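Remarks on the structure that follows.
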Amino acid sequence: MLVEAQTSDMLLPIPVAAARPQAALAPREESPAVRLALTAVALAFLGLFIVLPLVVVFSEALQKGAAFYFSAFAEPAATAAIRLTLLTAAIAVPVNLVFGVTAAWAITKFEFRGKSFLITLIDLPFSVSPVISGLVFVLLFGLQGWLGPWLAENDIKIVFAVPGIVLATIFVTFPFVARELIPLMQEQGTAEEEAAIVLGASGWQTFWRVTLPNIKWGLLYGVLLCNARAMGEFGAVSVVSGHIRGLTNTMPLHIEILYNEYNFAAAFAVASLLALLALVTLVAKSLLELRLDRRKP
Amino acid sequence: MIRSIILSSDRRRFLFGTLSAVALAFAASAVSAQTTLLNVSYDPTRELYQAFNAAFVKDWQQKTGQKLTIQQSHGGAGSQARAVIDGLEADVVTLALAYDIDAIAERGLLSCDWQARLPNNSSPYTSTIVFLVRKGNPKGIKDWNDLVKPGIKIITPNPKTSGGARWNYLAAWGYALKQPGGDETKARDFVTQIYRNVPVLDSGARGSTTTFVQRGIGDVFLSWENEAFLAINELGKDKFEIVVPSLSILAEPPVTVVDKVADKKGTRAVAEAYLKYWYTPEAQEIAARNYYRPRLAEVQARHAEQFPTVKLFTIDEVFGGWAKAQPTHFAEGGVFDQIYKPAR
Amino acid sequence: MTTARLTWRQPSVIPGFGITLGVTVTWLSLIVLIPLAGLFLKSATLGWGKFFEAITSPRVLAALEISFGIALAAATVNAVFGLIVAWVLVRYDFPGRRVVDAIVDIPFALPTAVAGIALTALYAENGWIGGLLEPLGIRVSFTPLGIFVALIFIGLPFVVRTVQPVLEDLEPEIEEAAASLGATRRQTFLRVILPTLFPALATGYALAFSRAVGEYGSVIFIAGNMPLVSEIAPLLIVIRLNEFAYAEATAIAVAMLIASFALLLAINLLQRWARSRGRG
C-alpha cells in the first residue's frame, strides 16, 4: 500500500478554484510585465551581491596590467599552490562523488526509519564553522590529540601536511553531491527503477540505464560545485595547513599571503583564476546540456 | 622448465625490487643531503626573514659547504604557536611575544629557560609602538593623551587575536601609569577610553593596516614601528606620516629553537647557528634595513636618523613580564574583556 | 533480496539497500561523525558546570545572538530572492542567461576571505556602494549590516541550487491542468507550484542558514569585530583557541553545532511531512 503511495508521486493538490467557468482563458504563464519585473529583480539582486564583488576582484587583479596579471601565476610559490589545490580537488571530488551517489540511492530509493536524521547528518558539514572543520582534525591527529602521539612515533604526518588538507577538504565538501541529488531523486520517485527491476534488470543495470540518465545533469552540477568549493575552501584548510610557503599553501592560502604582503594585484589575480575556473566549467556544462538536450527528440 | 620460468619471473621481480630500492635510496639521499629548516613566524616578519634567510643560507654554505633550504610559515602569532604545539614541525620559532613561546615550552616541546639561551632575552631585534597618521596630521595627534580626545578614531587590531595589538595595549597602559599621579585605576580608565575610540578590531596587524590605508577608516593607526615604515613605503609615501609618542614600550619579538623537533630531525646545530647569526653585524644590518631596531650599538649608530630616540619601558619593568601581563590583561574575563562589559 | 528484512524499513523491489546504506553510514562515520565526536569529547573534559559557564557568559551569548540572528535574516532574504532567481533562470529566457546561471555559483568557488575583502572594499565608506550609502547615513562595512551582506553572499547559491533542479523537473502538465481548470496564475503558483517546491526551498533555507551561522572567513573582514556588537561566535572560538583554551572553544562549537543540527533536523522532518502530505 505504501509502495503504491510512493508511485503516486505526481498527484498534487489541485486548487479548489478548479470549477471556474472561464477555464480556457486562464493564463498558463505570467504576464509580460510580471516576467520583466521578476527578471529585473533577480538580475539586480545578483548584480548587487555577486557580480559587483566579482567585478572588484577582476578590476583589482588587472589594475597593474595584463603582464603583471599573468606573472602572478608564474611565481614558484603560486605554481606550488596551484598544484596542491589541483591535487586536493583530484582526491576530494571523486571520493565525494562516489559517496554522494551511494548516499542518495540509499536515501531516495528506500523508505526506512531515521531517514531525516541521516540526511541531517549528511548536511552537518555545511553547518560546521570552517574554523571547527579544521580544528576537529587537529584535535584528532594533532600532537596533543588522541592519535597524535602514536602518529608522531611512527613518523606519519597528517595535520600540517597534505593528508590533513585533503581530509579537511573532503569534510567541507562532503554534502555537495549528495545534497544536489537527494531532492532531485526524491522528486523523480522510484517508479522507473521499480519497473526496470520488475522487468528483470539487475541493480547495476537499473542504475546505469535508468537512474543515471535521469540524474546526469544534477550529478554534474554537484560535481562542479563540489570541485569549486574544494578549490576555494579557506577557513578549514587554513587551520590544518601550517602555512609553509611552497609546500602546504593552497590557492586560497596563497591569496591570503599575497594580500598580507600588500601585493593586492597578485592576490586578486589568483582569486580571479578560481572564479574564472568555476565560471568556465559551469557555462560549459550549461552549453553541453543545451546541445545534448536538443539532439534528443 | 616450469621451474626456470618461475625463477625468471622471481628474478625479474627481484631485479625490479632492487632497482626501485636503489632509486628510493638515491632519492632519499638526495633529499637528506639538503638540510631543511622550518621557521614558524608571525605576520609582520615576512620581508625580514626573506632577506635574513638568503643571507644565512649563503653564509652557511661558505662555512660548511652545506646547501640549506629554509621554509617559512607566517600567520597570526597565537595561531602559529598553536600549530607548533599541535605538531607543526618547526625547527625554530620566531614569534611576536614571549608568552606564545612560553605556551609551547609548557607543552614540553622546548626548555622552559629558553629566554636565557640567547643574548638580549633571545630577542635579536626589537621594535616599538608608534602612530601612523594621515599626511599633515590633520587631527594634531602628538602623544598618547591625544588619542582619548572625543571624535578621534583609532585603528588597532584585536589584542585577543593579534600579538602586536597586545604591545599596543600595554604601551598605552604603561604611558598612563607613568604619568604624574598615574596608578592602576587611571591606567585602566585611560585604556578603556582608547578602546572606546576604536571602531574596528581586525584580527591581525596587516588587516588593520589595510583598514586604515585602503578603506580610509580612522585618524590614527597604532602600529609596530617596522609595520608603519613598511606601510608608508609600500602603500603611499605621500599619504601618511609617523608620529612618535613621548613614551612607548620596547617590543621584544623573541626567537628560539624548538628542542624536540630539532633533536628529532637532527637539525639542532644548524638551527642554533641560524639564530646566532642574528647577532652578527651583517644580520643586524638586515634587521635595520627592514625597519627593526638592531641590538648592536654600531649598527644602531649607523641608522640613528631612521629610528628616533624614544623613551622606552620594558614589559618586565612595568608589568612583571608576559607571565603576569597575559593572564591579568588578556585572559578570558581579564582587563581587556572588562572594557567590553555589556551595559546594564 | 539477500539482506534481512528489517522492521524499520519498508520492503522494496529495488536492490542495493544494504550496501548503499552501509557505505553511507561507514563513510559518514569516518569523515564526519568520529571527528565531531572528538569535538564533543574535548568539550566534555570541562564538566557540566564549566561547559555551561563557557557558553553562557554575556560575550558568548551576545555573539551567538549575532551569529544566529543575522544568519536567520540573511537566509530569509536568500529564500525569497533565491526563489525568484531560480524561477527566472528556469522559466524565462534572456540574453546571457547561461552566464548568469553560472555566476550564481561564484560564492562556492571564491575563497571566503576573498569574498570578504571584495565586499569590504565595495561597501567601505570609500567604496563604490559604500560611497553612495554614506550620504544617506547608512554604513555597511564594519557594522552588523556588513555581516548581513556577507552572509547573503555566501548563502545565496544554496537556495538557488536546491530549488532549481526541482523546478526544472516540474511537469508542465500539472500547471496546464490547473490552468485549464480555471486557476489564476497566482493560484497555480501558490497552490500547485509552491507546495511542490516547498521541500527544496526549505532545504535551501536550512542550508543557507546553517552555513551562514558558522561562516568565518568573509565575515571577519567586513564585520568590524566589535565585542557585543559585531563579534560573531566563530571569532569567539578563535579567540578562545588563541588563549589556548581548547575545551572552552569546543564548548562554544558544540553549542552552535547542536543548535544548527536541531534546526536542520526540524526542517528535514517538516519537509518529509510536507512530502507525505503532498502524496495524499
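How things are named: the first chain in the C-alpha cells is A, the next is B, and so on; residues count from 1 in each chain; ligands count from 1 in the order shown.
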Quiz item: as a PyMOL selection string, which residues of stretch 35-112 of chain C does DSSP assign to helix (DSSP H, G or I)?
Solution: chain C and resi 35-44+48-56+58-91+97-103+106-109+112
Taking a cut-off of 6 Å and counting only C-alpha atoms, can you build a table that, for each residue of chain C near chain B, reports the nearest atom pair and how far apart they are in Å (one decimal), sorted by chain then residue number, as a Markdown table?
```
| residue | atom | partner | partner_atom | distance |
| --- | --- | --- | --- | --- |
| C:Gly224 | CA | B:Val200 | CA | 4.3 |
| C:Asn225 | CA | B:Leu201 | CA | 5.4 |
| C:Ile239 | CA | B:Lys160 | CA | 5.8 |
| C:Asn242 | CA | B:Gly78 | CA | 5.2 |
```
Practice problem: Might you pull out every residue within 10 Å of A:Lys115, with only C-alpha atoms counted and same-chain residues fewer than 6 positions away left off, and present them as an MDAnalysis selection string? | Solution: (chainID A and resid 106:108 121) or (chainID C and resid 9 268:269 272)
Quiz item: Contacts of A:Val131 at 7 Å or less, counting only C-alpha atoms, minus same-chain residues fewer than 3 places along, as a PyMOL selection string?
Solution: (chain A and resi 134-135+235-236+239) or (chain C and resi 234)
Exercise. Please return, as a PyMOL selection string, all residues of chain A lying within 7 Å of chain B when only C-alpha atoms are considered.
Key: chain A and resi 138+142-144+160+242-245+260
Exercise. Using only C-alpha atoms, determine which residues lie at most 8 Å from C:Ile31, disregarding the query and same-chain residues fewer than 5 positions distant; provide the list as a PyMOL selection string.
Key: chain A and resi 167+170-171
Writing out the chosen residues with C-alpha atoms as a tab-separated table (two decimals), in the first residue's frame:
```tsv
chain	number	residue	atom	x	y	z
A	167	LEU	CA	40.80	15.43	4.82
A	170	ILE	CA	36.65	16.19	1.95
A	171	PHE	CA	34.90	17.14	5.17
```
Within 12 Å of stretch 55-63 of chain C, which residues of stretch 162-276 of chain C come that close, and what is the closest atom pair and distance in Å for each? Count only C-alpha atoms and give it as JSON lines.
```
{"residue": "C:Val213", "atom": "CA", "partner": "C:Ala63", "partner_atom": "CA", "distance": 10.7}
{"residue": "C:Gly214", "atom": "CA", "partner": "C:Ala63", "partner_atom": "CA", "distance": 11.6}
{"residue": "C:Asn225", "atom": "CA", "partner": "C:Ala63", "partner_atom": "CA", "distance": 10.1}
{"residue": "C:Met226", "atom": "CA", "partner": "C:Ala63", "partner_atom": "CA", "distance": 10.1}
{"residue": "C:Pro227", "atom": "CA", "partner": "C:Arg59", "partner_atom": "CA", "distance": 7.1}
{"residue": "C:Leu228", "atom": "CA", "partner": "C:Ala62", "partner_atom": "CA", "distance": 5.5}
{"residue": "C:Val229", "atom": "CA", "partner": "C:Ala62", "partner_atom": "CA", "distance": 7.8}
{"residue": "C:Ser230", "atom": "CA", "partner": "C:Ala63", "partner_atom": "CA", "distance": 7.7}
{"residue": "C:Glu231", "atom": "CA", "partner": "C:Ala63", "partner_atom": "CA", "distance": 5.6}
{"residue": "C:Ile232", "atom": "CA", "partner": "C:Ala63", "partner_atom": "CA", "distance": 4.8}
{"residue": "C:Ala233", "atom": "CA", "partner": "C:Ala63", "partner_atom": "CA", "distance": 4.7}
{"residue": "C:Pro234", "atom": "CA", "partner": "C:Ala63", "partner_atom": "CA", "distance": 8.5}
{"residue": "C:Leu235", "atom": "CA", "partner": "C:Ala63", "partner_atom": "CA", "distance": 8.6}
{"residue": "C:Leu236", "atom": "CA", "partner": "C:Val60", "partner_atom": "CA", "distance": 7.2}
{"residue": "C:Ile237", "atom": "CA", "partner": "C:Val60", "partner_atom": "CA", "distance": 9.3}
{"residue": "C:Ile239", "atom": "CA", "partner": "C:Val60", "partner_atom": "CA", "distance": 11.2}
{"residue": "C:Arg240", "atom": "CA", "partner": "C:Val60", "partner_atom": "CA", "distance": 10.7}
{"residue": "C:Ala247", "atom": "CA", "partner": "C:Ile55", "partner_atom": "CA", "distance": 11.3}
{"residue": "C:Glu248", "atom": "CA", "partner": "C:Ile55", "partner_atom": "CA", "distance": 8.1}
{"residue": "C:Ala249", "atom": "CA", "partner": "C:Ile55", "partner_atom": "CA", "distance": 9.3}
{"residue": "C:Thr250", "atom": "CA", "partner": "C:Ile55", "partner_atom": "CA", "distance": 10.0}
{"residue": "C:Ala251", "atom": "CA", "partner": "C:Ile55", "partner_atom": "CA", "distance": 6.7}
{"residue": "C:Ile252", "atom": "CA", "partner": "C:Ile55", "partner_atom": "CA", "distance": 5.7}
{"residue": "C:Ala253", "atom": "CA", "partner": "C:Ile55", "partner_atom": "CA", "distance": 9.3}
{"residue": "C:Val254", "atom": "CA", "partner": "C:Ile55", "partner_atom": "CA", "distance": 9.4}
{"residue": "C:Ala255", "atom": "CA", "partner": "C:Ile55", "partner_atom": "CA", "distance": 7.3}
{"residue": "C:Met256", "atom": "CA", "partner": "C:Ile55", "partner_atom": "CA", "distance": 9.6}
```
Go ahead and write the residues just picked, N, CA and C atoms, as a JSON list (two decimals), in the first residue's frame.
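Generated output (again-v6.json):
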```
[["chain", "number", "residue", "atom", "x", "y", "z"],
["C", 213, "VAL", "N", 25.61, 30.58, 9.78],
["C", 213, "VAL", "CA", 25.90, 30.63, 11.22],
["C", 213, "VAL", "C", 27.38, 30.41, 11.48],
["C", 214, "GLY", "N", 27.98, 29.48, 10.77],
["C", 214, "GLY", "CA", 29.36, 29.14, 11.05],
["C", 214, "GLY", "C", 30.38, 29.93, 10.27],
["C", 225, "ASN", "N", 34.18, 43.45, 13.98],
["C", 225, "ASN", "CA", 34.51, 42.59, 15.12],
["C", 225, "ASN", "C", 34.46, 43.28, 16.48],
["C", 226, "MET", "N", 33.55, 44.20, 16.67],
["C", 226, "MET", "CA", 33.44, 44.84, 17.97],
["C", 226, "MET", "C", 32.68, 43.93, 18.92],
["C", 227, "PRO", "N", 33.29, 43.65, 20.10],
["C", 227, "PRO", "CA", 32.61, 42.78, 21.06],
["C", 227, "PRO", "C", 31.21, 43.29, 21.35],
["C", 228, "LEU", "N", 30.27, 42.40, 21.48],
["C", 228, "LEU", "CA", 28.87, 42.66, 21.81],
["C", 228, "LEU", "C", 28.09, 43.32, 20.67],
["C", 229, "VAL", "N", 28.78, 43.81, 19.65],
["C", 229, "VAL", "CA", 28.08, 44.50, 18.55],
["C", 229, "VAL", "C", 28.17, 43.69, 17.26],
["C", 230, "SER", "N", 29.40, 43.40, 16.87],
["C", 230, "SER", "CA", 29.58, 42.71, 15.59],
["C", 230, "SER", "C", 30.60, 41.58, 15.73],
["C", 231, "GLU", "N", 30.68, 41.00, 16.89],
["C", 231, "GLU", "CA", 31.59, 39.88, 17.11],
["C", 231, "GLU", "C", 30.80, 38.59, 16.94],
["C", 232, "ILE", "N", 31.18, 37.79, 15.94],
["C", 232, "ILE", "CA", 30.42, 36.56, 15.67],
["C", 232, "ILE", "C", 30.98, 35.40, 16.51],
["C", 233, "ALA", "N", 30.15, 34.39, 16.69],
["C", 233, "ALA", "CA", 30.53, 33.26, 17.53],
["C", 233, "ALA", "C", 31.80, 32.54, 17.04],
["C", 234, "PRO", "N", 31.94, 32.30, 15.72],
["C", 234, "PRO", "CA", 33.19, 31.64, 15.30],
["C", 234, "PRO", "C", 34.45, 32.43, 15.65],
["C", 235, "LEU", "N", 34.34, 33.77, 15.64],
["C", 235, "LEU", "CA", 35.50, 34.57, 16.03],
["C", 235, "LEU", "C", 35.82, 34.33, 17.50],
["C", 236, "LEU", "N", 34.79, 34.22, 18.31],
["C", 236, "LEU", "CA", 34.99, 33.95, 19.73],
["C", 236, "LEU", "C", 35.67, 32.60, 19.93],
["C", 237, "ILE", "N", 35.34, 31.65, 19.07],
["C", 237, "ILE", "CA", 36.02, 30.35, 19.15],
["C", 237, "ILE", "C", 37.50, 30.53, 18.87],
["C", 239, "ILE", "N", 39.22, 33.21, 19.29],
["C", 239, "ILE", "CA", 39.81, 33.93, 20.42],
["C", 239, "ILE", "C", 40.13, 32.96, 21.56],
["C", 240, "ARG", "N", 39.17, 32.07, 21.86],
["C", 240, "ARG", "CA", 39.41, 31.08, 22.92],
["C", 240, "ARG", "C", 40.59, 30.18, 22.57],
["C", 247, "ALA", "N", 39.22, 23.52, 25.31],
["C", 247, "ALA", "CA", 37.95, 22.95, 25.78],
["C", 247, "ALA", "C", 36.83, 23.99, 25.71],
["C", 248, "GLU", "N", 37.14, 25.22, 26.15],
["C", 248, "GLU", "CA", 36.12, 26.28, 26.10],
["C", 248, "GLU", "C", 35.73, 26.58, 24.65],
["C", 249, "ALA", "N", 36.74, 26.58, 23.78],
["C", 249, "ALA", "CA", 36.47, 26.83, 22.36],
["C", 249, "ALA", "C", 35.53, 25.76, 21.80],
["C", 250, "THR", "N", 35.83, 24.50, 22.13],
["C", 250, "THR", "CA", 34.98, 23.43, 21.60],
["C", 250, "THR", "C", 33.59, 23.49, 22.23],
["C", 251, "ALA", "N", 33.49, 24.00, 23.46],
["C", 251, "ALA", "CA", 32.17, 24.12, 24.09],
["C", 251, "ALA", "C", 31.26, 25.03, 23.26],
["C", 252, "ILE", "N", 31.81, 26.18, 22.83],
["C", 252, "ILE", "CA", 31.01, 27.09, 22.00],
["C", 252, "ILE", "C", 30.65, 26.39, 20.69],
["C", 253, "ALA", "N", 31.64, 25.69, 20.13],
["C", 253, "ALA", "CA", 31.39, 24.99, 18.86],
["C", 253, "ALA", "C", 30.29, 23.96, 19.01],
["C", 254, "VAL", "N", 30.33, 23.23, 20.10],
["C", 254, "VAL", "CA", 29.33, 22.19, 20.34],
["C", 254, "VAL", "C", 27.94, 22.81, 20.48],
["C", 255, "ALA", "N", 27.87, 23.91, 21.21],
["C", 255, "ALA", "CA", 26.58, 24.58, 21.39],
["C", 255, "ALA", "C", 26.02, 25.01, 20.03],
["C", 256, "MET", "N", 26.88, 25.58, 19.19],
["C", 256, "MET", "CA", 26.43, 26.01, 17.86],
["C", 256, "MET", "C", 25.99, 24.83, 17.02]]
```
